[in-house]
Every structure is written in structure tokens, then in C-alpha cells.
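Text of run-v3.cif (mmCIF, C-alpha atoms; chains and numbers go by the auth columns) as supplied:
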```
data_model
loop_
_atom_site.group_PDB
_atom_site.id
_atom_site.type_symbol
_atom_site.label_atom_id
_atom_site.label_comp_id
_atom_site.label_asym_id
_atom_site.label_seq_id
_atom_site.Cartn_x
_atom_site.Cartn_y
_atom_site.Cartn_z
_atom_site.B_iso_or_equiv
_atom_site.auth_seq_id
_atom_site.auth_asym_id
ATOM 1 C CA MET A 1 143.098 140.889 140.150 0.00 917 A
ATOM 2 C CA GLY A 2 146.541 141.740 138.800 0.00 918 A
ATOM 3 C CA ILE A 3 147.764 141.454 135.228 0.00 919 A
ATOM 4 C CA SER A 4 150.118 138.520 134.701 0.00 920 A
ATOM 5 C CA VAL A 5 152.936 139.337 132.285 0.00 921 A
ATOM 6 C CA PHE A 6 155.467 137.119 130.538 0.00 922 A
ATOM 7 C CA VAL A 7 158.626 138.749 129.144 0.00 923 A
ATOM 8 C CA VAL A 8 160.608 137.253 126.249 0.00 924 A
ATOM 9 C CA ASP A 9 163.637 139.135 124.938 0.00 925 A
ATOM 10 C CA GLN A 10 166.948 138.204 123.346 0.00 926 A
ATOM 11 C CA GLU A 11 168.758 140.706 125.595 0.00 927 A
ATOM 12 C CA ARG A 12 169.079 139.208 129.077 0.00 928 A
ATOM 13 C CA THR A 13 169.810 142.554 130.736 0.00 929 A
ATOM 14 C CA PHE A 14 166.760 144.169 129.116 0.00 930 A
ATOM 15 C CA ALA A 15 164.444 141.270 130.037 0.00 931 A
ATOM 16 C CA ASP A 16 165.589 141.143 133.666 0.00 932 A
ATOM 17 C CA ALA A 17 165.521 144.913 134.154 0.00 933 A
ATOM 18 C CA LEU A 18 162.071 145.253 132.616 0.00 934 A
ATOM 19 C CA ALA A 19 160.695 142.403 134.733 0.00 935 A
ATOM 20 C CA ALA A 20 162.136 143.902 137.914 0.00 936 A
ATOM 21 C CA ARG A 21 160.580 147.287 137.197 0.00 937 A
ATOM 22 C CA LEU A 22 157.189 145.815 136.280 0.00 938 A
ATOM 23 C CA GLU A 23 157.137 143.888 139.561 0.00 939 A
ATOM 24 C CA THR A 24 157.062 147.166 141.475 0.00 940 A
ATOM 25 C CA GLU A 25 153.558 147.858 140.132 0.00 941 A
ATOM 26 C CA ASP A 26 150.690 146.800 142.409 0.00 942 A
ATOM 27 C CA ASP A 27 148.557 145.502 139.546 0.00 943 A
ATOM 28 C CA VAL A 28 151.261 143.632 137.583 0.00 944 A
ATOM 29 C CA GLU A 29 152.720 140.179 138.264 0.00 945 A
ATOM 30 C CA VAL A 30 155.631 138.942 136.149 0.00 946 A
ATOM 31 C CA VAL A 31 155.203 135.215 135.504 0.00 947 A
ATOM 32 C CA ALA A 32 158.681 134.870 134.009 0.00 948 A
ATOM 33 C CA ALA A 33 161.381 136.815 132.183 0.00 949 A
ATOM 34 C CA VAL A 34 163.120 134.695 129.586 0.00 950 A
ATOM 35 C CA HIS A 35 166.253 135.389 127.575 0.00 951 A
ATOM 36 C CA ALA A 36 165.721 133.669 124.211 0.00 952 A
ATOM 37 C CA ARG A 37 166.515 134.111 120.536 0.00 953 A
ATOM 38 C CA THR A 38 163.943 131.461 119.553 0.00 954 A
ATOM 39 C CA PRO A 39 160.961 131.695 121.939 0.00 955 A
ATOM 40 C CA ALA A 40 159.113 128.494 120.995 0.00 956 A
ATOM 41 C CA GLN A 41 160.300 126.739 124.176 0.00 957 A
ATOM 42 C CA CYS A 42 158.666 129.491 126.233 0.00 958 A
ATOM 43 C CA PHE A 43 155.172 128.821 124.980 0.00 959 A
ATOM 44 C CA ILE A 44 153.959 126.555 127.777 0.00 960 A
ATOM 45 C CA VAL A 45 154.755 129.159 130.434 0.00 961 A
ATOM 46 C CA GLY A 46 153.606 132.059 128.303 0.00 962 A
ATOM 47 C CA ARG A 47 150.150 130.689 127.688 0.00 963 A
ATOM 48 C CA HIS A 48 149.282 131.160 131.374 0.00 964 A
ATOM 49 C CA ALA A 49 149.912 134.908 131.275 0.00 965 A
ATOM 50 C CA ASP A 50 147.455 137.654 130.388 0.00 966 A
ATOM 51 C CA VAL A 51 150.028 139.600 128.365 0.00 967 A
ATOM 52 C CA MET A 52 153.278 138.597 126.674 0.00 968 A
ATOM 53 C CA LEU A 53 155.941 141.234 126.054 0.00 969 A
ATOM 54 C CA LEU A 54 157.710 139.788 123.040 0.00 970 A
ATOM 55 C CA ASP A 55 160.944 140.973 121.428 0.00 971 A
ATOM 56 C CA GLY A 56 159.991 141.899 117.877 0.00 972 A
ATOM 57 C CA ASP A 57 163.655 142.039 116.823 0.00 973 A
ATOM 58 C CA LEU A 58 164.225 138.288 117.188 0.00 974 A
ATOM 59 C CA PRO A 59 165.944 136.845 114.093 0.00 975 A
ATOM 60 C CA GLU A 60 164.151 135.139 111.196 0.00 976 A
ATOM 61 C CA ARG A 61 160.677 136.436 112.127 0.00 977 A
ATOM 62 C CA ALA A 62 160.685 134.230 115.232 0.00 978 A
ATOM 63 C CA ALA A 63 158.414 136.679 117.056 0.00 979 A
ATOM 64 C CA MET A 64 155.870 136.747 114.244 0.00 980 A
ATOM 65 C CA ARG A 65 155.849 132.960 113.993 0.00 981 A
ATOM 66 C CA LEU A 66 155.136 132.727 117.709 0.00 982 A
ATOM 67 C CA CYS A 67 152.318 135.285 117.336 0.00 983 A
ATOM 68 C CA ASP A 68 150.811 133.110 114.611 0.00 984 A
ATOM 69 C CA GLU A 69 150.977 130.082 116.884 0.00 985 A
ATOM 70 C CA LEU A 70 149.529 131.862 119.877 0.00 986 A
ATOM 71 C CA SER A 71 146.647 133.364 117.892 0.00 987 A
ATOM 72 C CA GLY A 72 145.279 129.878 117.266 0.00 988 A
ATOM 73 C CA ARG A 73 145.345 128.822 120.938 0.00 989 A
ATOM 74 C CA ASP A 74 142.643 129.115 123.565 0.00 990 A
ATOM 75 C CA GLU A 75 143.518 131.309 126.561 0.00 991 A
ATOM 76 C CA ALA A 76 146.732 132.479 124.920 0.00 992 A
ATOM 77 C CA PRO A 77 148.341 135.694 126.203 0.00 993 A
ATOM 78 C CA ARG A 78 147.748 138.875 124.240 0.00 994 A
ATOM 79 C CA VAL A 79 151.026 139.916 122.653 0.00 995 A
ATOM 80 C CA VAL A 80 152.679 143.315 122.930 0.00 996 A
ATOM 81 C CA VAL A 81 155.607 143.450 120.520 0.00 997 A
ATOM 82 C CA LEU A 82 158.633 145.442 121.720 0.00 998 A
ATOM 83 C CA SER A 83 161.109 146.679 119.108 0.00 999 A
ATOM 84 C CA TYR A 84 163.709 149.327 118.411 0.00 1000 A
ATOM 85 C CA SER A 85 161.963 149.858 115.066 0.00 1001 A
ATOM 86 C CA SER A 86 158.749 151.684 114.236 0.00 1002 A
ATOM 87 C CA GLU A 87 158.598 150.793 110.533 0.00 1003 A
ATOM 88 C CA ALA A 88 154.985 150.545 109.381 0.00 1004 A
ATOM 89 C CA GLU A 89 155.672 147.433 107.290 0.00 1005 A
ATOM 90 C CA ARG A 90 156.992 145.570 110.348 0.00 1006 A
ATOM 91 C CA ILE A 91 154.053 146.679 112.459 0.00 1007 A
ATOM 92 C CA VAL A 92 151.663 145.455 109.750 0.00 1008 A
ATOM 93 C CA ASP A 93 153.450 142.085 109.781 0.00 1009 A
ATOM 94 C CA ALA A 94 152.892 141.867 113.546 0.00 1010 A
ATOM 95 C CA VAL A 95 149.225 142.851 113.253 0.00 1011 A
ATOM 96 C CA ARG A 96 148.634 140.222 110.588 0.00 1012 A
ATOM 97 C CA SER A 97 150.256 137.662 112.872 0.00 1013 A
ATOM 98 C CA GLY A 98 147.847 138.499 115.689 0.00 1014 A
ATOM 99 C CA ALA A 99 149.796 140.928 117.892 0.00 1015 A
ATOM 100 C CA ALA A 100 147.636 143.268 119.977 0.00 1016 A
ATOM 101 C CA ALA A 101 150.112 146.132 120.236 0.00 1017 A
ATOM 102 C CA TRP A 102 153.498 147.468 119.152 0.00 1018 A
ATOM 103 C CA VAL A 103 155.687 149.545 121.453 0.00 1019 A
ATOM 104 C CA CYS A 104 159.123 150.984 120.718 0.00 1020 A
ATOM 105 C CA LYS A 105 161.757 150.000 123.275 0.00 1021 A
ATOM 106 C CA ASN A 106 162.817 153.609 123.727 0.00 1022 A
ATOM 107 C CA GLU A 107 159.381 154.576 125.054 0.00 1023 A
ATOM 108 C CA SER A 108 158.994 155.287 128.772 0.00 1024 A
ATOM 109 C CA LEU A 109 157.972 152.586 131.224 0.00 1025 A
ATOM 110 C CA ASP A 110 154.844 154.583 132.086 0.00 1026 A
ATOM 111 C CA HIS A 111 153.850 154.420 128.440 0.00 1027 A
ATOM 112 C CA LEU A 112 154.460 150.656 128.289 0.00 1028 A
ATOM 113 C CA LEU A 113 152.383 150.136 131.438 0.00 1029 A
ATOM 114 C CA HIS A 114 149.563 152.147 129.891 0.00 1030 A
ATOM 115 C CA VAL A 115 149.628 149.863 126.832 0.00 1031 A
ATOM 116 C CA ILE A 116 149.835 146.694 128.945 0.00 1032 A
ATOM 117 C CA ARG A 117 146.750 147.726 130.926 0.00 1033 A
ATOM 118 C CA ARG A 118 144.786 148.552 127.787 0.00 1034 A
ATOM 119 C CA VAL A 119 145.769 145.322 126.082 0.00 1035 A
ATOM 120 C CA ALA A 120 144.824 143.318 129.186 0.00 1036 A
ATOM 121 C CA GLN A 121 141.327 144.820 128.882 0.00 1037 A
ATOM 122 C CA GLY A 122 141.022 143.520 125.322 0.00 1038 A
ATOM 123 C CA GLU A 123 142.078 146.675 123.487 0.00 1039 A
ATOM 124 C CA THR A 124 144.726 147.162 120.816 0.00 1040 A
ATOM 125 C CA TRP A 125 147.356 149.847 120.397 0.00 1041 A
ATOM 126 C CA LEU A 126 149.548 151.231 117.615 0.00 1042 A
ATOM 127 C CA PRO A 127 152.213 153.945 117.781 0.00 1043 A
ATOM 128 C CA PRO A 128 150.302 157.138 116.865 0.00 1044 A
ATOM 129 C CA ALA A 129 153.022 158.291 114.456 0.00 1045 A
ATOM 130 C CA ALA A 130 152.743 155.054 112.467 0.00 1046 A
ATOM 131 C CA ALA A 131 149.018 154.304 112.869 0.00 1047 A
ATOM 132 C CA GLY A 132 147.884 156.107 109.726 0.00 1048 A
ATOM 133 C CA GLN A 133 150.363 154.366 107.459 0.00 1049 A
ATOM 134 C CA VAL A 134 149.743 150.992 109.113 0.00 1050 A
ATOM 135 C CA LEU A 135 145.993 151.253 108.552 0.00 1051 A
ATOM 136 C CA TRP A 136 146.578 152.442 104.975 0.00 1052 A
ATOM 137 C CA LEU A 137 148.804 149.440 104.255 0.00 1053 A
ATOM 138 C CA LEU A 138 146.256 147.086 105.753 0.00 1054 A
ATOM 139 C CA ILE A 139 143.472 148.659 103.698 0.00 1055 A
ATOM 140 C CA GLN A 140 145.507 148.465 100.490 0.00 1056 A
ATOM 141 C CA ASP A 141 146.367 144.850 101.149 0.00 1057 A
ATOM 142 C CA GLN A 142 142.772 143.892 101.823 0.00 1058 A
ATOM 143 C CA GLU A 143 141.469 145.757 98.788 0.00 1059 A
ATOM 144 C CA GLN A 144 143.931 143.948 96.572 0.00 1060 A
ATOM 145 C CA ARG A 145 142.989 140.512 97.892 0.00 1061 A
ATOM 146 C CA ARG A 146 139.304 140.666 98.714 0.00 1062 A
ATOM 147 C CA ASP A 147 135.966 141.850 97.588 0.00 1063 A
ATOM 148 C CA ASN A 148 135.116 143.865 100.695 0.00 1064 A
ATOM 149 C CA ASP A 149 131.479 144.443 99.838 0.00 1065 A
ATOM 150 C CA ARG A 150 130.859 140.720 99.494 0.00 1066 A
ATOM 151 C CA LEU A 151 132.641 139.945 102.759 0.00 1067 A
ATOM 152 C CA LEU A 152 130.870 142.634 104.761 0.00 1068 A
ATOM 153 C CA ALA A 153 127.516 141.547 103.364 0.00 1069 A
ATOM 154 C CA ALA A 154 128.072 138.139 104.983 0.00 1070 A
ATOM 155 C CA LEU A 155 128.085 139.640 108.493 0.00 1071 A
ATOM 156 C CA THR A 156 125.044 139.357 110.728 0.00 1072 A
ATOM 157 C CA PRO A 157 123.404 142.588 111.960 0.00 1073 A
ATOM 158 C CA ARG A 158 124.957 142.134 115.408 0.00 1074 A
ATOM 159 C CA GLU A 159 128.411 141.494 113.925 0.00 1075 A
ATOM 160 C CA ARG A 160 128.022 144.698 111.927 0.00 1076 A
ATOM 161 C CA GLU A 161 127.170 146.617 115.093 0.00 1077 A
ATOM 162 C CA VAL A 162 130.226 145.232 116.891 0.00 1078 A
ATOM 163 C CA LEU A 163 132.506 146.068 113.967 0.00 1079 A
ATOM 164 C CA THR A 164 131.030 149.564 113.614 0.00 1080 A
ATOM 165 C CA CYS A 165 131.703 150.309 117.297 0.00 1081 A
ATOM 166 C CA LEU A 166 135.287 149.123 116.933 0.00 1082 A
ATOM 167 C CA ALA A 167 135.822 151.161 113.764 0.00 1083 A
ATOM 168 C CA GLU A 168 134.540 154.236 115.592 0.00 1084 A
ATOM 169 C CA GLY A 169 137.200 153.790 118.252 0.00 1085 A
ATOM 170 C CA ALA A 170 135.524 151.778 121.016 0.00 1086 A
ATOM 171 C CA GLY A 171 137.463 149.129 122.943 0.00 1087 A
ATOM 172 C CA ARG A 172 135.988 145.704 123.613 0.00 1088 A
ATOM 173 C CA ARG A 173 134.674 146.705 127.033 0.00 1089 A
ATOM 174 C CA GLU A 174 133.014 149.792 125.563 0.00 1090 A
ATOM 175 C CA VAL A 175 131.459 147.688 122.797 0.00 1091 A
ATOM 176 C CA ALA A 176 129.950 145.405 125.425 0.00 1092 A
ATOM 177 C CA GLU A 177 128.539 148.383 127.318 0.00 1093 A
ATOM 178 C CA GLN A 178 127.178 150.155 124.235 0.00 1094 A
ATOM 179 C CA LEU A 179 125.463 147.037 122.875 0.00 1095 A
ATOM 180 C CA HIS A 180 124.453 145.659 126.303 0.00 1096 A
ATOM 181 C CA LEU A 181 126.371 142.434 125.736 0.00 1097 A
ATOM 182 C CA SER A 182 128.658 140.355 127.907 0.00 1098 A
ATOM 183 C CA ALA A 183 132.416 140.397 127.270 0.00 1099 A
ATOM 184 C CA ASN A 184 132.254 136.732 126.198 0.00 1100 A
ATOM 185 C CA THR A 185 129.506 137.479 123.685 0.00 1101 A
ATOM 186 C CA VAL A 186 131.521 140.339 122.187 0.00 1102 A
ATOM 187 C CA ARG A 187 134.542 138.038 121.922 0.00 1103 A
ATOM 188 C CA THR A 188 132.440 135.414 120.134 0.00 1104 A
ATOM 189 C CA HIS A 189 131.099 137.978 117.662 0.00 1105 A
ATOM 190 C CA LEU A 190 134.646 139.194 117.033 0.00 1106 A
ATOM 191 C CA GLN A 191 135.908 135.678 116.381 0.00 1107 A
ATOM 192 C CA ASN A 192 133.032 135.010 113.989 0.00 1108 A
ATOM 193 C CA LEU A 193 133.321 138.256 112.044 0.00 1109 A
ATOM 194 C CA MET A 194 137.108 137.944 111.728 0.00 1110 A
ATOM 195 C CA ALA A 195 136.681 134.432 110.343 0.00 1111 A
ATOM 196 C CA LYS A 196 134.137 135.694 107.795 0.00 1112 A
ATOM 197 C CA LEU A 197 136.389 138.581 106.770 0.00 1113 A
ATOM 198 C CA GLY A 198 139.441 136.346 106.511 0.00 1114 A
ATOM 199 C CA VAL A 199 141.538 138.404 108.938 0.00 1115 A
ATOM 200 C CA HIS A 200 143.492 137.515 112.065 0.00 1116 A
ATOM 201 C CA SER A 201 143.162 140.605 114.218 0.00 1117 A
ATOM 202 C CA THR A 202 140.732 143.315 115.262 0.00 1118 A
ATOM 203 C CA LEU A 203 142.953 145.946 113.663 0.00 1119 A
ATOM 204 C CA GLU A 204 142.738 144.216 110.277 0.00 1120 A
ATOM 205 C CA ALA A 205 138.949 143.988 110.563 0.00 1121 A
ATOM 206 C CA VAL A 206 138.753 147.695 111.396 0.00 1122 A
ATOM 207 C CA ALA A 207 141.065 148.592 108.519 0.00 1123 A
ATOM 208 C CA LEU A 208 138.921 146.607 106.112 0.00 1124 A
ATOM 209 C CA SER A 209 135.670 148.147 107.349 0.00 1125 A
ATOM 210 C CA ARG A 210 136.670 151.808 107.690 0.00 1126 A
ATOM 211 C CA PRO A 211 135.845 152.759 104.057 0.00 1127 A
ATOM 212 C CA HIS A 212 132.443 151.064 104.410 0.00 1128 A
ATOM 213 C CA LEU A 213 131.102 152.363 107.735 0.00 1129 A
ATOM 214 C CA GLU A 214 127.857 153.668 106.230 0.00 1130 A
ATOM 215 C CA GLN A 215 127.194 150.256 104.727 0.00 1131 A
ATOM 216 C CA LEU A 216 127.747 148.601 108.114 0.00 1132 A
ATOM 217 C CA ARG A 217 125.299 150.738 110.066 0.00 1133 A
ATOM 218 C CA PRO A 218 121.998 149.088 111.081 0.00 1134 A
ATOM 219 C CA GLY A 219 119.402 149.149 108.356 0.00 1135 A
ATOM 220 C CA VAL A 220 121.941 149.768 105.598 0.00 1136 A
ATOM 221 C CA GLY A 221 123.030 147.256 102.963 0.00 1137 A
#
```
Output the structure of this file as C-alpha cells.
Amino acid sequence: MGISVFVVDQERTFADALAARLETEDDVEVVAAVHARTPAQCFIVGRHADVMLLDGDLPERAAMRLCDELSGRDEAPRVVVLSYSSEAERIVDAVRSGAAAWVCKNESLDHLLHVIRRVAQGETWLPPAAAGQVLWLLIQDQEQRRDNDRLLAALTPREREVLTCLAEGAGRREVAEQLHLSANTVRTHLQNLMAKLGVHSTLEAVALSRPHLEQLRPGVG
């Protein structure tokens, strides 16, 4: 089954050209390519796609507001933010809003396709050059606002196992295989542990847990 993709960008030429190129891939189907500065009107179409390619340079944080809205919806597309910027602070804003990935617009199409395919499988992706600073900012933010030990102690043993696998670099499919769980069960555990930790994305949960991996391992804590 192919990956359905919905493109939203304020530059009509960019949106149309990207959609046309994606359509040449055997495993990608473009649901729509929309030129919009405020993408709220695109939501009904976008929710039926697997992946949304969303212009992160839309004015007044419109992209982040849409990410927030989508993150609370069932069967919403996973969002890949496209931007000319690679500033860590902006990437952190997107992660907090529920985006699954951030890709610079000057990256190659092959690279974007690689990210789309990973995101469609339930994984997340950050630009390698910015990943360290993004995770550091997320950690600092969480440490300022939360008592991590107390939050992690509230997780069930299975939730700890899922979070440990993620923190060690496994994608959702790999977590399911390692723990002999179904994909739906892994998703449920992720939703539950993120709610307990007070975060909105897998990346935030991983950032919060990284300094406490030993505590998370089975039989510890």
C-alpha cells in the first residue's frame, strides 16, 4: 500500500513542483497540493493522508497551530515540517506542537523521500546537525518544569520498556518486534506514557528520559 501525502505550502510553485515529483514514486500518492498562508481550511482533506508536508515558514506560527490541532485528532496525518531554517529553537517549537520530523527545503528530494517513508512507519526524524541542541533544549525545558523522577516513577513496567527502547534509538516497528507487541499496543503505550509525562511527542518523551535510562530499565526504581 502506498503512502498518501498532503502538501501545504505558501509558495504555489514549490507546492506544485514537489507534488509532481512525489507522484513519480511508486509508493507515494499525493492526495492534494495546496497553496495556503493559513492552512486551517485544508484540515479536512489533510486528515485522510498518512503524511502532511507542511510549510514551517507560514506566518504567525500557523504551521505550529495546525500541528497542535492535528495532534489531538484520531487518524490525523503525521506532520513533516519543511522550512528554509534549521534553527534549533524553531525545531523544538515544532516538536512540542507534535510534528514528527523537520526537513530543510534545500535538502535533496531523495532525502525528503527517505524521511517521508520513515515517518509513515511511525518514526521521527531531526536534522543531524541540529539534533543535539534540540534534545538539549528539550531536556533543559523539561528539567525546569517537571520533577522527572516523580513522572518516570508513574510509568508501568511495560511503558518503561517501550520508552527505553525508543531512547536507545528504536523506531516504533522495532519496539513492537523487540517487545513482541502489536503496533497498536505500542501506540497505546506511547499515548499513555506521553500523557503521564506531560509531553506531546515521542521526541519530548525521549529527551526527558535520556538522563534516566538506568532508572527505566526493568527491575530498577
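When atom CA of Ser987 of chain A is paired with atom CA of His1105 of chain A, their separation reads 16.2 Å.
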Residue neighbourhood segment 1038-1048 of chain A, 6 Å, all atoms listed in the file, exclusion window fewer than 6 positions, as number ranges by chain: A: 1004, 1016-1018, 1087-1088
Residues picked by the PyMOL selection byres ((chain A and resi 974-976) around 9) here, as a short mmCIF file (atom, residue, chain, number, x, y, z; two decimals) with C-alpha atoms, keeping the file's coordinate frame?
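Output file selection_32.cif follows:
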```
data_model
loop_
_atom_site.label_atom_id
_atom_site.label_comp_id
_atom_site.auth_asym_id
_atom_site.auth_seq_id
_atom_site.Cartn_x
_atom_site.Cartn_y
_atom_site.Cartn_z
CA ASP A 925 163.64 139.14 124.94
CA GLN A 926 166.95 138.20 123.35
CA ALA A 952 165.72 133.67 124.21
CA ARG A 953 166.52 134.11 120.54
CA THR A 954 163.94 131.46 119.55
CA PRO A 955 160.96 131.70 121.94
CA LEU A 970 157.71 139.79 123.04
CA ASP A 971 160.94 140.97 121.43
CA GLY A 972 159.99 141.90 117.88
CA ASP A 973 163.66 142.04 116.82
CA ARG A 977 160.68 136.44 112.13
CA ALA A 978 160.68 134.23 115.23
CA ALA A 979 158.41 136.68 117.06
CA MET A 980 155.87 136.75 114.24
#
```
List the spatial neighbours of segment 1113-1121 of chain A as a list in words - criterion: any atom at most 8 Å away, all atoms listed in the file, same-chain residues fewer than 4 positions off excluded. Ser987, Val1011, Arg1012, Ser1013, Gly1014, Ala1015, Ala1016, Thr1040, Leu1051, Leu1054, Ile1055, Leu1067, Leu1068, Leu1079, Leu1106, Leu1109 and Ser1125 of chain A
Given the file shown, enumerate the residues that the PyMOL selection byres ((chain A and resi 1075) around 12) captures and present them as a ChimeraX atom specification. /A:1068-1074,1076-1082,1091,1095,1101-1113,1121,1125,1132-1134
With the PyMOL selection byres ((chain A and resi 969) around 7) as the selection, what would be picked from this file? Answer as a ChimeraX atom specification, please. /A:922-924,967-968,970-971,995-998
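Coordinates place atom CA of Ile1032 of chain A at a distance of 17.9 Å from atom CA of Ser1002 of chain A.
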Would you please work out which residue, of A:His1027, A:Arg989, A:Arg1066, A:His1096, is nearest to His964 of chain A when using all atoms listed in the file?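 That would be A:Arg989, the residue with the smallest distance to His964 of chain A.
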Please measure the separation of atom CA of Arg1034 of chain A and atom CA of Gln1056 of chain A, giving the value in Å to one decimal. 27.3 Å
Applying 10 Å and only C-alpha atoms, which residues near Leu1025 of chain A remain after dropping the ones on its own chain fewer than 6 positions away? List them as JSON, numbers by chain. {"A": [934, 937, 938, 1031]}
Neighbours of Arg928 of chain A within 9 Å (all atoms listed in the file; same-chain residues fewer than 6 positions away dropped), as a PyMOL selection string? chain A and resi 949-952
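Of the residues listed (A:Ala1099, A:Val1008, A:Val1122, A:Ala965), A:Ala965 shows the shortest atom-to-atom separation from Leu986 of chain A; distances use all atoms listed in the file.
Compared by their closest atoms to Ser1001 of chain A, and using only C-alpha atoms, the residues A:Cys1020, A:Ala1092, A:Leu1028, A:Leu1124 rank with A:Cys1020 nearest.
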